[in-house]
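Student: What follows is a single structure, and I will ask about it in a moment.
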Amino acid sequence: MATAFSSDGETALRRELGPAPAPIPRADLDGFYEMGRAAAFVRGGGFRKVALQFPDELLADAAAVAARMEAETGAEVYVLGDTTYGSCCVDEVAAEHACAEAVLHYGPACLSPCRKLPVLHIFGKQPLDIGRCADAFRELYPDRQSRVVVLSDVVYAHAMGELEQQLCPEYPNIIFSRVVCGDPPDPALPGEERQFGRQFLVEAPGGLQDCAMFYVGNEGLTLTNFVLTWNRCSFSSFDPTTNCGRRETLNVNRALMRRLYLVERARDARVVGILVGTLGVAGYLDVLQHLRELLRRAGKRSYTLAVGKPNPAKLANFLEVDVFVLVACAQNSLLDSSDFYRPIVTPYELELACNPAREWTGNYLTDFRELLPGACAHVELPPAIPAAEAVPDISLITGEMRATHLCDPPASQLPPSTALACRDQTRALAEISPAAFFLESRSWRGLEQQLGQTPVSKAVQGRRGIAIAYEDEGREQS
């Protein structure tokens with residue numbers, strides 16, 4: 001089933017409006033949204049225009065928070081009503097449309113580093129029953145010498161200090177992770193883990209493999225990302241909504257088998273669509289260029305597509321594409337593509353498919369920045385070999401023979417930036433693009449303006465309602 005990142009909006013269209021939720025009392029508004037810290041951030045930076053980004057579930061408080069911020073800071077405040085991509089990422093594009101100098105990001109966050117604007121993350125202090133959480137931990141780990149790393153959703157990070165005070169005297173080997181916004185300036189220490197905005201030091205003899213993981217938060221993409229990334233560790237969780245703890249029964253091997261199947265689909269693909277799933281995460285332009293070069297060397301044709309939030313209807317328009325690769329934050333990279341016409345893979349999975357030098361080691365990477373040159377997981381492309389010396393490979397899906405070697409482009413092929421041709425009699429120059437030339441050969445290429453060919457007519461009243469159910473549809477059927 002598709003995740004909320006790829007929703008087509010049908011649920012919102014069919015949703016019946018009810019009474020608005022009760023507003024947060026003024027005393028709780030200051031604590032929940034940390035108004036003092038936010039105002040100090042704006043005043044300290046001297047920002048005159050600030051953008052406030054809320055997820056859908058917190059938009060009801062946006063007007064009250066914006067009014068308080070303007071009154072306390074004197075800055076001009078804008079509320080970002082809709083995010084370009086996932087709400088966990090900072091929407092720098094929408095903020096720049098308002099000429100904002102800084103962004104206050106509220107609610108759950110993937111903590112991906114941003115490229116341009118200063119950002120202050122305010123997660124919102126969701127309630128957590130510390131006593132029940134501690135009792136659930138004791139039931140799941142009766143051995144007091146257990147080595148356990150405690151992770152949490154960012155909205156419960158405020159309560160981890162109190163939970164640590166309760167459990168540390170009983171469990172001497174327990175490790176609490178720390179939420180870190182942005183890249184830490186200091187290099188990592190031996191045994192220190194820094195991933196997904198979490199930082200913790202493991203002193204176990206066998207490293208992280210000797211530790212179990214305890215996650216405080218609701219089931220969702222964050223937990224799935226943790227389980228797949230640290231797939232050699234046993235996981236358990238505590239859901240603050242139900243106040244129940246459990247051992248995670250997600251079949252990691254089965255999930256990895258599904259992802260490795262997608263790697264095989266990527267190996268068979270001849271045309272790959274690179275989906276731009278973020279415009280704010282640092283390094284996204286570098287990984288786009290890296291993927292284009294990887295696909296070019298692998299002899300595959302690539303198209304770069306910016307379609308906003310992907311959904312099956314949007315991507316079904318690109319029938320020529322065999323597989324898509326989504327460049328998004330680590331939390332939104334693992335998109336379930338079972339509802340899509342073509343599979344969607346991550347940049348790491350595309351590297352497994354197209355880079356012969358990269359081998360499957362059992363470690364799964366969802367942060368695309370780890371694949372770039374200079375990162376610890378970067379693997380250089382091997383030198384190209386002649387086609388006559390290439391070892392053929394058999395597809396595990398189609399049973400057909402395929403080439404697995406990297407090739408150099410023909411010497412006569414010009415770079416795209418210098419491949420120019422005369423467009424028409426006005427001697428205008430146009431860039432020769434293989435992708436554009438291919439799309440020109442299609443029988444349907446979208447809506448055409450047809451300037452001067454359509455007669456001018458007066459405006460008339462159209463249909464009323466929304467496309468899913470117009471007001472006059474019932475009368476026409478009867």
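Chain identifiers are assigned as A, B, and so on, following the order in which chains appear in the structure tokens; residues are numbered from 1 within each chain, and ligands are numbered from 1 in order of appearance.
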Excluding A:Tyr303 and its own-chain neighbours fewer than 5 positions away, which residues fall within 8 Å of it when counting only C-alpha atoms? Please give them as a CSV table (one decimal) with C-alpha atoms, in the first residue's frame.
Tutor:
chain,number,residue,atom,x,y,z
A,271,VAL,CA,15.2,3.5,-19.3
A,272,VAL,CA,15.4,4.9,-15.7
A,273,GLY,CA,13.5,7.9,-14.4
A,274,ILE,CA,15.3,9.9,-11.7
A,435,ALA,CA,15.0,12.7,-24.3
Student: Between A:Ala94, A:Met35, A:Leu305, A:Ile344, which one has atoms that come closest to A:Asn317, using only C-alpha atoms?
Tutor: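 Distance minimum relative to A:Asn317 lands on A:Leu305.
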Student: Interatomic distance between atom CA of A:Leu29 and atom CA of A:Glu72?
Tutor: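 According to the coordinates, atom CA of A:Leu29 and atom CA of A:Glu72 are separated by 14.1 Å.
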Student: Applying 10 Å and only C-alpha atoms, which residues near stretch 193-205 of chain A remain after dropping the ones on its own chain fewer than 4 positions away? List them as a PyMOL selection string.
Tutor: chain A and resi 109-113+147-152+154+173-184+188-189+209-211+222+225-226+229+329-331+366-367
Student: Check the smallest atom-to-atom distance from each of A:Gln126, A:Ser333, A:Ser146, A:Asn243 to A:Leu221 using only C-alpha atoms, then report the winner.
Tutor: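 Nearest to A:Leu221: A:Ser333.
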Student: What are the DSSP helix (DSSP H, G or I) residues of stretch 105-296 of chain A, as a PyMOL selection string?
Tutor: chain A and resi 130-140+154-167+207-210+221-229+252-268+284-296
Student: Given only C-alpha atoms as the basis, pick out the residue of A:Leu59, A:Arg297, A:Ala328, A:His121 nearest to A:Leu285.
Tutor: A:Ala328
Student: Of the residues A:Leu275, A:Ile468, A:Ala266, A:Ala60, which is the one nearest to A:Pro310, using only C-alpha atoms?
Tutor: A:Leu275
Student: Could you please determine the separation between atom CA of A:Tyr156 and atom CA of A:Arg37 in Å, to one decimal place?
Tutor: 17.6 Å
